[in-house]
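The data block below is final.csv; it holds CSV, C-alpha atoms and all ligand atoms.
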chain,number,residue,atom,x,y,z
D,189,MET,CA,8.8,-6.0,19.6
D,190,THR,CA,12.6,-6.0,18.8
D,191,ALA,CA,14.9,-8.9,19.6
D,192,ASN,CA,16.4,-6.8,22.4
D,193,ASP,CA,12.9,-6.1,23.9
D,194,GLY,CA,12.4,-9.9,23.9
D,195,LEU,CA,15.7,-10.5,25.8
D,196,LYS,CA,14.9,-7.7,28.2
D,197,THR,CA,11.5,-9.2,29.1
D,198,LYS,CA,13.0,-12.7,29.3
D,199,ARG,CA,15.8,-11.4,31.6
D,200,ARG,CA,13.3,-9.6,34.0
D,201,SER,CA,11.1,-12.7,34.4
D,202,PHE,CA,14.2,-14.9,34.7
D,203,LEU,CA,15.7,-12.8,37.5
D,204,ARG,CA,12.3,-13.0,39.4
D,205,ILE,CA,12.2,-16.8,39.1
D,206,ILE,CA,15.9,-17.4,39.8
D,207,GLY,CA,15.9,-15.1,42.8
D,208,THR,CA,13.1,-17.1,44.4
D,209,ALA,CA,14.7,-20.5,43.5
D,210,VAL,CA,18.1,-19.6,44.8
D,211,GLY,CA,16.7,-18.0,47.9
D,212,GLY,CA,14.6,-21.2,48.5
D,213,LEU,CA,17.6,-23.4,48.1
D,214,ALA,CA,19.6,-21.4,50.5
D,215,LEU,CA,16.8,-21.5,53.1
D,216,SER,CA,15.7,-25.1,52.7
D,217,GLY,CA,19.1,-26.8,52.2
D,218,LEU,CA,17.1,-29.5,50.4
D,219,PRO,CA,17.5,-31.4,48.1
D,220,TYR,CA,20.9,-29.8,47.5
D,221,ALA,CA,22.4,-30.4,51.0
D,222,ALA,CA,25.8,-30.9,49.5
D,223,TYR,CA,25.8,-27.3,48.4
D,224,GLY,CA,25.0,-26.0,51.8
D,225,ALA,CA,27.4,-23.6,53.5
D,226,ALA,CA,28.6,-26.2,56.0
D,227,ALA,CA,29.9,-28.9,53.7
D,228,GLY,CA,33.2,-28.7,51.9
D,229,LEU,CA,32.9,-29.3,48.1
D,230,LYS,CA,35.0,-31.3,45.8
D,231,ILE,CA,36.1,-29.0,42.9
D,232,GLY,CA,37.5,-30.3,39.7
D,233,ILE,CA,39.5,-27.7,37.8
D,234,ILE,CA,40.1,-28.2,34.0
D,235,GLY,CA,42.9,-25.9,33.1
D,236,SER,CA,45.3,-25.0,35.9
D,237,GLY,CA,46.9,-21.9,34.5
D,238,ARG,CA,46.6,-18.4,35.7
D,239,ILE,CA,42.8,-18.4,36.4
D,240,GLY,CA,42.5,-22.1,37.3
D,241,SER,CA,45.4,-22.2,39.8
D,242,THR,CA,44.5,-18.9,41.4
D,243,LEU,CA,40.9,-19.8,42.0
D,244,GLY,CA,41.9,-23.3,43.1
D,245,GLU,CA,44.2,-21.9,45.7
D,246,LEU,CA,41.5,-19.6,47.0
D,247,TRP,CA,39.0,-22.4,47.2
D,248,LEU,CA,41.5,-24.6,49.0
D,249,LYS,CA,41.9,-21.8,51.6
D,250,ALA,CA,38.1,-21.7,51.9
D,251,GLY,CA,38.2,-25.3,52.9
D,252,HIS,CA,37.3,-27.2,49.7
D,253,GLU,CA,39.1,-30.2,48.1
D,254,VAL,CA,40.5,-29.3,44.7
D,255,MET,CA,41.8,-31.5,41.9
D,256,PHE,CA,43.9,-29.6,39.3
D,257,SER,CA,44.2,-30.8,35.7
D,258,SER,CA,45.7,-29.9,32.4
D,259,ARG,CA,47.5,-31.7,29.6
D,260,HIS,CA,50.6,-31.9,31.8
D,261,LEU,CA,50.0,-33.9,34.9
D,262,GLU,CA,53.5,-33.3,36.2
D,263,ASN,CA,52.7,-29.5,36.4
D,264,ASP,CA,49.5,-30.2,38.3
D,265,GLN,CA,51.3,-32.6,40.6
D,266,ALA,CA,53.9,-29.9,41.4
D,267,LEU,CA,51.1,-27.3,41.9
D,268,ALA,CA,49.2,-29.7,44.3
D,269,ALA,CA,52.4,-30.4,46.2
D,270,ARG,CA,53.2,-26.7,46.5
D,271,LEU,CA,49.6,-25.9,47.8
D,272,GLY,CA,49.4,-28.9,50.0
D,273,GLY,CA,46.3,-29.7,52.2
D,274,LYS,CA,43.4,-30.9,50.2
D,275,ALA,CA,45.0,-30.2,46.8
D,276,ARG,CA,45.5,-33.0,44.4
D,277,ALA,CA,46.3,-33.5,40.7
D,278,GLY,CA,44.8,-35.6,38.0
D,279,THR,CA,44.0,-35.8,34.3
D,280,PRO,CA,41.1,-33.7,33.0
D,281,LYS,CA,38.9,-36.9,33.0
D,282,GLU,CA,39.8,-37.6,36.6
D,283,ALA,CA,39.2,-34.0,37.7
D,284,ALA,CA,35.9,-33.9,35.9
D,285,ALA,CA,34.8,-37.2,37.6
D,286,PHE,CA,36.1,-35.9,41.0
D,287,GLY,CA,34.3,-32.6,41.2
D,288,ASP,CA,30.9,-32.0,42.7
D,289,VAL,CA,31.4,-28.8,40.8
D,290,LEU,CA,33.8,-28.0,38.0
D,291,LEU,CA,35.7,-25.0,36.8
D,292,PHE,CA,36.7,-24.8,33.1
D,293,ALA,CA,39.6,-22.3,32.7
D,294,VAL,CA,41.2,-23.3,29.3
D,295,PRO,CA,41.6,-21.4,26.1
D,296,TYR,CA,38.2,-21.4,24.3
D,297,GLY,CA,39.7,-23.5,21.4
D,298,ALA,CA,40.1,-26.4,23.8
D,299,LEU,CA,36.4,-26.6,24.6
D,300,PRO,CA,35.1,-28.6,21.7
D,301,ALA,CA,37.4,-31.6,22.3
D,302,LEU,CA,37.1,-31.4,26.0
D,303,GLY,CA,33.3,-31.4,25.7
D,304,ARG,CA,33.5,-34.6,23.7
D,305,GLU,CA,36.1,-36.3,25.9
D,306,LEU,CA,34.5,-35.4,29.2
D,307,ALA,CA,30.8,-35.7,28.2
D,308,ALA,CA,30.0,-38.5,30.6
D,309,GLU,CA,31.8,-36.8,33.6
D,310,ILE,CA,30.3,-33.4,33.1
D,311,LYS,CA,26.8,-34.5,32.5
D,312,GLY,CA,24.4,-33.0,35.1
D,313,LYS,CA,27.2,-31.2,37.0
D,314,PRO,CA,27.4,-27.5,37.9
D,315,VAL,CA,30.2,-26.1,35.7
D,316,ILE,CA,31.7,-22.6,36.1
D,317,ASP,CA,32.8,-21.4,32.7
D,318,ALA,CA,35.6,-18.8,32.9
D,319,CYS,CA,36.7,-19.3,29.3
D,320,ASN,CA,36.6,-16.5,26.8
D,321,PRO,CA,36.7,-16.7,23.0
D,322,PHE,CA,39.5,-14.7,21.4
D,323,VAL,CA,39.7,-14.9,17.7
D,324,GLY,CA,43.5,-14.2,17.7
D,325,ARG,CA,44.1,-17.1,20.1
D,326,ASP,CA,41.3,-19.5,19.5
D,327,GLY,CA,40.5,-19.1,15.8
D,328,GLU,CA,37.2,-19.8,14.1
D,329,ILE,CA,35.5,-21.2,17.1
D,330,ALA,CA,35.9,-17.8,18.8
D,331,THR,CA,34.2,-16.0,15.8
D,332,TRP,CA,31.3,-18.5,16.1
D,333,ALA,CA,31.1,-18.2,19.9
D,334,ARG,CA,31.1,-14.4,19.8
D,335,ALA,CA,28.3,-14.3,17.3
D,336,LYS,CA,26.2,-16.8,19.2
D,337,GLY,CA,27.1,-15.4,22.6
D,338,ALA,CA,29.7,-16.9,24.9
D,339,GLY,CA,27.2,-18.4,27.3
D,340,LEU,CA,25.1,-20.3,24.8
D,341,ALA,CA,28.2,-21.3,22.8
D,342,SER,CA,29.9,-22.8,25.9
D,343,ALA,CA,26.6,-24.7,26.7
D,344,GLU,CA,26.6,-26.2,23.2
D,345,LEU,CA,30.3,-27.2,23.5
D,346,LEU,CA,29.8,-28.7,27.0
D,347,PRO,CA,26.4,-30.5,26.6
D,348,GLY,CA,24.7,-31.7,29.7
D,349,ALA,CA,26.7,-29.4,32.0
D,350,ARG,CA,24.7,-27.0,34.2
D,351,LEU,CA,26.6,-24.0,33.1
D,352,VAL,CA,27.3,-20.7,34.9
D,353,ARG,CA,29.5,-18.1,33.4
D,354,ALA,CA,31.6,-16.3,36.0
D,355,PHE,CA,35.2,-14.9,36.5
D,356,ASN,CA,35.3,-14.0,32.8
D,357,ALA,CA,36.2,-10.4,32.8
D,358,ILE,CA,38.4,-9.7,35.8
D,359,GLY,CA,42.2,-10.2,35.8
D,360,TYR,CA,43.4,-13.3,37.6
D,361,ALA,CA,45.9,-11.2,39.6
D,362,ARG,CA,43.0,-9.3,41.1
D,363,LEU,CA,41.2,-12.3,42.5
D,364,PRO,CA,43.1,-13.0,45.7
D,365,ASP,CA,42.3,-9.7,47.4
D,366,ALA,CA,38.7,-9.2,46.3
D,367,GLY,CA,37.5,-9.1,49.9
D,368,GLU,CA,40.0,-6.5,51.1
D,369,ARG,CA,39.7,-3.6,48.7
D,370,LYS,CA,36.3,-1.9,49.3
D,371,ALA,CA,35.5,-1.9,52.9
D,372,GLY,CA,31.8,-0.9,52.6
D,373,GLU,CA,30.9,-2.8,49.5
D,374,ARG,CA,32.1,-6.0,48.0
D,375,ILE,CA,33.2,-6.1,44.4
D,376,GLY,CA,30.4,-7.7,42.4
D,377,MET,CA,30.9,-10.8,40.3
D,378,PRO,CA,28.6,-10.7,37.3
D,379,MET,CA,27.3,-14.2,36.5
D,380,ALA,CA,24.8,-15.7,34.0
D,381,GLY,CA,23.2,-19.1,34.0
D,382,ASP,CA,19.9,-21.0,33.4
D,383,ASP,CA,20.0,-23.5,36.3
D,384,ALA,CA,19.1,-22.3,39.8
D,385,ASP,CA,21.0,-25.1,41.5
D,386,ALA,CA,24.2,-24.4,39.6
D,387,ILE,CA,23.9,-20.7,40.2
D,388,ALA,CA,23.5,-21.4,43.9
D,389,VAL,CA,26.7,-23.4,44.2
D,390,ALA,CA,28.6,-21.0,42.0
D,391,SER,CA,27.3,-18.1,44.1
D,392,ARG,CA,28.6,-19.8,47.2
D,393,LEU,CA,32.1,-20.2,45.7
D,394,VAL,CA,32.1,-16.6,44.5
D,395,ARG,CA,31.1,-15.3,47.9
D,396,GLU,CA,33.5,-17.4,49.8
D,397,ILE,CA,36.5,-15.8,48.1
D,398,GLY,CA,35.3,-12.3,48.7
D,399,PHE,CA,33.0,-11.2,45.8
D,400,GLU,CA,29.3,-10.5,45.8
D,401,PRO,CA,27.6,-12.7,43.3
D,402,VAL,CA,25.4,-10.8,40.9
D,403,VAL,CA,23.3,-12.9,38.5
D,404,ILE,CA,22.7,-10.7,35.5
D,405,GLY,CA,20.3,-13.1,33.7
D,406,PRO,CA,20.1,-16.3,31.8
D,407,LEU,CA,23.0,-17.8,29.8
D,408,ALA,CA,22.0,-15.7,26.8
D,409,MET,CA,23.4,-12.7,28.9
D,410,GLY,CA,26.7,-14.5,29.0
D,411,ARG,CA,27.5,-12.7,25.7
D,412,TYR,CA,28.3,-9.7,27.8
D,413,LEU,CA,30.6,-11.6,30.2
D,414,ILE,CA,33.8,-11.2,28.2
D,415,PRO,CA,36.6,-8.7,28.3
D,416,GLY,CA,35.8,-5.4,26.5
D,417,THR,CA,32.2,-5.1,27.4
D,418,PRO,CA,30.8,-2.6,29.9
D,419,LEU,CA,30.7,-5.3,32.6
D,420,ALA,CA,34.4,-6.0,32.4
D,421,GLY,CA,36.6,-4.9,35.2
D,422,GLU,CA,35.6,-4.2,38.8
D,423,HIS,CA,32.2,-2.8,39.7
D,424,GLY,CA,30.0,-2.7,42.8
D,425,PRO,CA,26.9,-5.0,42.8
D,426,GLU,CA,24.5,-2.1,42.1
D,427,GLU,CA,26.5,-0.7,39.3
D,428,ILE,CA,26.6,-4.2,37.7
D,429,ARG,CA,22.8,-4.4,37.9
D,430,LYS,CA,22.4,-1.0,36.3
D,431,ILE,CA,24.9,-1.8,33.5
D,432,ALA,CA,23.2,-5.2,32.9
D,433,ALA,CA,19.8,-3.5,32.7
D,434,SER,CA,21.1,-1.1,30.1
D,435,LEU,CA,22.5,-3.8,27.9
D,436,ASN,CA,19.4,-5.3,26.5
L,1,LIG,N1,44.1,-14.6,32.7
L,1,LIG,C1,43.0,-14.0,33.1
L,1,LIG,O1,43.2,-13.0,33.9
L,1,LIG,C2,41.7,-14.4,32.7
L,1,LIG,C3,40.6,-13.8,33.2
L,1,LIG,C4,39.3,-14.2,32.9
L,1,LIG,C5,39.1,-15.3,32.0
L,1,LIG,N2,40.2,-15.9,31.4
L,1,LIG,C6,39.9,-17.0,30.5
L,1,LIG,O2,40.2,-18.2,31.2
L,1,LIG,C7,40.8,-19.1,30.3
L,1,LIG,C8,42.1,-19.5,30.9
L,1,LIG,O3,42.9,-18.4,30.9
L,1,LIG,P1,44.4,-18.4,31.7
L,1,LIG,O4,44.9,-17.0,31.6
L,1,LIG,O5,44.3,-19.0,33.0
L,1,LIG,O6,45.2,-19.3,30.7
L,1,LIG,P2,46.5,-20.1,30.9
L,1,LIG,O7,47.3,-19.4,32.0
L,1,LIG,O8,47.2,-20.2,29.6
L,1,LIG,O9,46.0,-21.5,31.4
L,1,LIG,C9,45.3,-22.4,30.6
L,1,LIG,C10,45.3,-23.7,31.2
L,1,LIG,O10,44.6,-24.6,30.4
L,1,LIG,C11,45.4,-25.8,30.2
L,1,LIG,N3,45.0,-26.4,28.9
L,1,LIG,C12,45.2,-25.8,27.7
L,1,LIG,N4,44.6,-26.6,26.7
L,1,LIG,C13,44.1,-27.7,27.4
L,1,LIG,C14,43.4,-28.8,27.0
L,1,LIG,N5,43.1,-29.1,25.7
L,1,LIG,N6,43.0,-29.7,27.9
L,1,LIG,C15,43.3,-29.5,29.2
L,1,LIG,N7,43.9,-28.4,29.7
L,1,LIG,C16,44.3,-27.5,28.8
L,1,LIG,C17,46.9,-25.3,30.2
L,1,LIG,O11,47.8,-26.3,30.5
L,1,LIG,P3,48.5,-27.2,29.4
L,1,LIG,O12,48.9,-26.3,28.3
L,1,LIG,O13,49.7,-27.8,30.2
L,1,LIG,O14,47.5,-28.2,29.1
L,1,LIG,C18,46.7,-24.3,31.4
L,1,LIG,O15,46.8,-25.0,32.6
L,1,LIG,C19,40.9,-18.5,29.0
L,1,LIG,O16,39.8,-18.8,28.2
L,1,LIG,C20,40.9,-17.0,29.3
L,1,LIG,O17,40.4,-16.2,28.2
L,1,LIG,C21,41.5,-15.5,31.8

Do you think you could lay out the structure here as structure tokens?
Ligand SMILES: NC(=O)c1ccc[n+]([C@@H]2O[C@H](COP(=O)([O-])OP(=O)(O)OC[C@H]3O[C@@H](n4cnc5c(N)ncnc54)[C@H](OP(=O)(O)O)[C@@H]3O)[C@@H](O)[C@H]2O)c1
Amino acid sequence: MTANDGLKTKRRSFLRIIGTAVGGLALSGLPYAAYGAAAGLKIGIIGSGRIGSTLGELWLKAGHEVMFSSRHLENDQALAARLGGKARAGTPKEAAAFGDVLLFAVPYGALPALGRELAAEIKGKPVIDACNPFVGRDGEIATWARAKGAGLASAELLPGARLVRAFNAIGYARLPDAGERKAGERIGMPMAGDDADAIAVASRLVREIGFEPVVIGPLAMGRYLIPGTPLAGEHGPEEIRKIAASLN
């Protein structure tokens, strides 16, 4: 059996298990009531640039509380003031402590230090990882992450987080009108993760802003969730499933 055959088998059995687990959570609402469709979530955003501010604004519109953070609190305060409502600003530590669920949307090179600084706050929390490793921007860490696979690499850099990769390979400017473009079929959002609970909450947040969540497999499949792979760009859910099945 080749390494690819192994991943293929692992992916198939993973999708069976995760499908049952996520379906079960959605039906039972227990023990993860906070993630149920009725309750608004507290979302901590680490990195409030193009992706972070766009998703934060969309989640505010969906009724959640959002704390934005970066290395420049004054920018986040201005952003929160502009967006109003349940928007607020804090340091990365405050945002990580605030969120029931976190979004990391920083250059990949920032992850090692953030993982160390925020270790206590991120432990056990669902974390959506939108970060991509680019060698030209992020240096050696990106070479390492690409070799390891972005999903497993991020999990190592953010230990204790219940990581889900999502929003990695679609331009931030395309996010606000996801729900409006294809009347019959939603645009799919390919996602990868190992934790059913984290996948459930991330799926909710994906769905609420107009995409159809499509779990392509465990975090090891996160290696395909970067720009430049066949999954990048906009695809329907079925197309994403077909592409994912052909990848390993
Ligand atoms: N742009 C896209 O369409 C897109 C799509 C998918 C995925 N991504 C990925 O998402 C991530 C963010 O991309 P972006 O385009 O949103 O970048 P961006 O516009 O440059 O925003 C990055 C944000 O991270 C903050 N930041 C940087 N270093 C930080 C640190 N050490 N601690 C805390 N905050 C820090 C920046 O603010 P300060 O500099 O003020 O700290 C800024 O708010 C990247 O990994 C990118 O590859 C981007």

Here is a test: counting only C-alpha atoms, which residue of D:Lys313, D:Val352, D:Leu346, D:Gly359 is nearest to Gly405 of chain D?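 Closest to Gly405 of chain D of all the choices is D:Val352.
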
Could you check the closest approach to ligand LIG 1 (chain L) for each of D:Glu245, D:Glu396, D:Asp264, D:Asp383 and tell me which residue wins, using all atoms listed in the file?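 Among the listed residues, the smallest separation from ligand LIG 1 (chain L) belongs to D:Asp264.
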
Between atom CA of Ala330 of chain D and atom O17 of ligand LIG 1 (chain L), what is the distance, to one decimal in Å?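 It comes out at 10.5 Å.
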
Could you make a table, as CSV, of the residues of chain D that have an atom within 10 Å of an atom of ligand LIG 1 (chain L), each with its nearest atom pair and distance in Å to one decimal, counting all atoms listed in the file, in chain and number order?
residue,atom,partner,partner_atom,distance
D:Ile233,CA,L:LIG1,N7,9.2
D:Ile234,CA,L:LIG1,N7,5.7
D:Gly235,CA,L:LIG1,O10,3.4
D:Ser236,CA,L:LIG1,O15,3.6
D:Gly237,CA,L:LIG1,O9,3.3
D:Arg238,CA,L:LIG1,O5,3.6
D:Ile239,CA,L:LIG1,O5,3.8
D:Gly240,CA,L:LIG1,O5,5.6
D:Ser241,CA,L:LIG1,O5,7.6
D:Thr242,CA,L:LIG1,O5,8.4
D:Leu243,CA,L:LIG1,O5,9.7
D:Phe256,CA,L:LIG1,O15,8.6
D:Ser257,CA,L:LIG1,N7,6.5
D:Ser258,CA,L:LIG1,N7,3.6
D:Arg259,CA,L:LIG1,O14,3.5
D:His260,CA,L:LIG1,O13,4.5
D:Leu261,CA,L:LIG1,O13,7.7
D:Glu262,CA,L:LIG1,O13,9.0
D:Asn263,CA,L:LIG1,O13,7.1
D:Asp264,CA,L:LIG1,O15,8.2
D:Thr279,CA,L:LIG1,C15,8.1
D:Pro280,CA,L:LIG1,C15,6.1
D:Lys281,CA,L:LIG1,C15,9.4
D:Leu291,CA,L:LIG1,O2,9.9
D:Phe292,CA,L:LIG1,C7,7.6
D:Ala293,CA,L:LIG1,C8,4.2
D:Val294,CA,L:LIG1,O10,3.8
D:Pro295,CA,L:LIG1,O16,3.8
D:Tyr296,CA,L:LIG1,O16,5.0
D:Gly297,CA,L:LIG1,N5,7.8
D:Ala298,CA,L:LIG1,N5,4.5
D:Leu299,CA,L:LIG1,N5,7.2
D:Pro300,CA,L:LIG1,N5,9.0
D:Ala301,CA,L:LIG1,N5,7.1
D:Leu302,CA,L:LIG1,N6,6.4
D:Glu305,CA,L:LIG1,N6,9.8
D:Asp317,CA,L:LIG1,O2,8.2
D:Ala318,CA,L:LIG1,O2,4.9
D:Cys319,CA,L:LIG1,O16,3.3
D:Asn320,CA,L:LIG1,O17,4.1
D:Pro321,CA,L:LIG1,O17,6.4
D:Phe322,CA,L:LIG1,O17,7.0
D:Arg325,CA,L:LIG1,O17,9.0
D:Asp326,CA,L:LIG1,O16,8.9
D:Ala354,CA,L:LIG1,C5,8.6
D:Phe355,CA,L:LIG1,C4,5.5
D:Asn356,CA,L:LIG1,C4,4.0
D:Ala357,CA,L:LIG1,C4,4.9
D:Ile358,CA,L:LIG1,C3,5.3
D:Gly359,CA,L:LIG1,O1,3.5
D:Tyr360,CA,L:LIG1,O1,3.7
D:Ala361,CA,L:LIG1,O1,6.6
D:Arg362,CA,L:LIG1,O1,8.1
D:Leu363,CA,L:LIG1,O1,8.9
D:Leu413,CA,L:LIG1,C5,9.4
D:Ile414,CA,L:LIG1,C5,7.7
D:Pro415,CA,L:LIG1,C4,7.7
D:Ala420,CA,L:LIG1,C4,9.6
D:Gly421,CA,L:LIG1,C4,10.0

Please tabulate, as a tab-separated table, the residues of segment 372-422 of chain D that come within 7 Å of segment 333-344 of chain D, each with its closest pair of atoms and the distance in Å to one decimal, counting all atoms listed in the file and ordering rows by chain, then residue number upward.
residue	atom	partner	partner_atom	distance
D:Leu407	CA	D:Gly339	CA	4.9
D:Ala408	CA	D:Gly339	CA	5.9
D:Gly410	CA	D:Gly339	CA	4.3
D:Arg411	CA	D:Gly337	CA	4.1
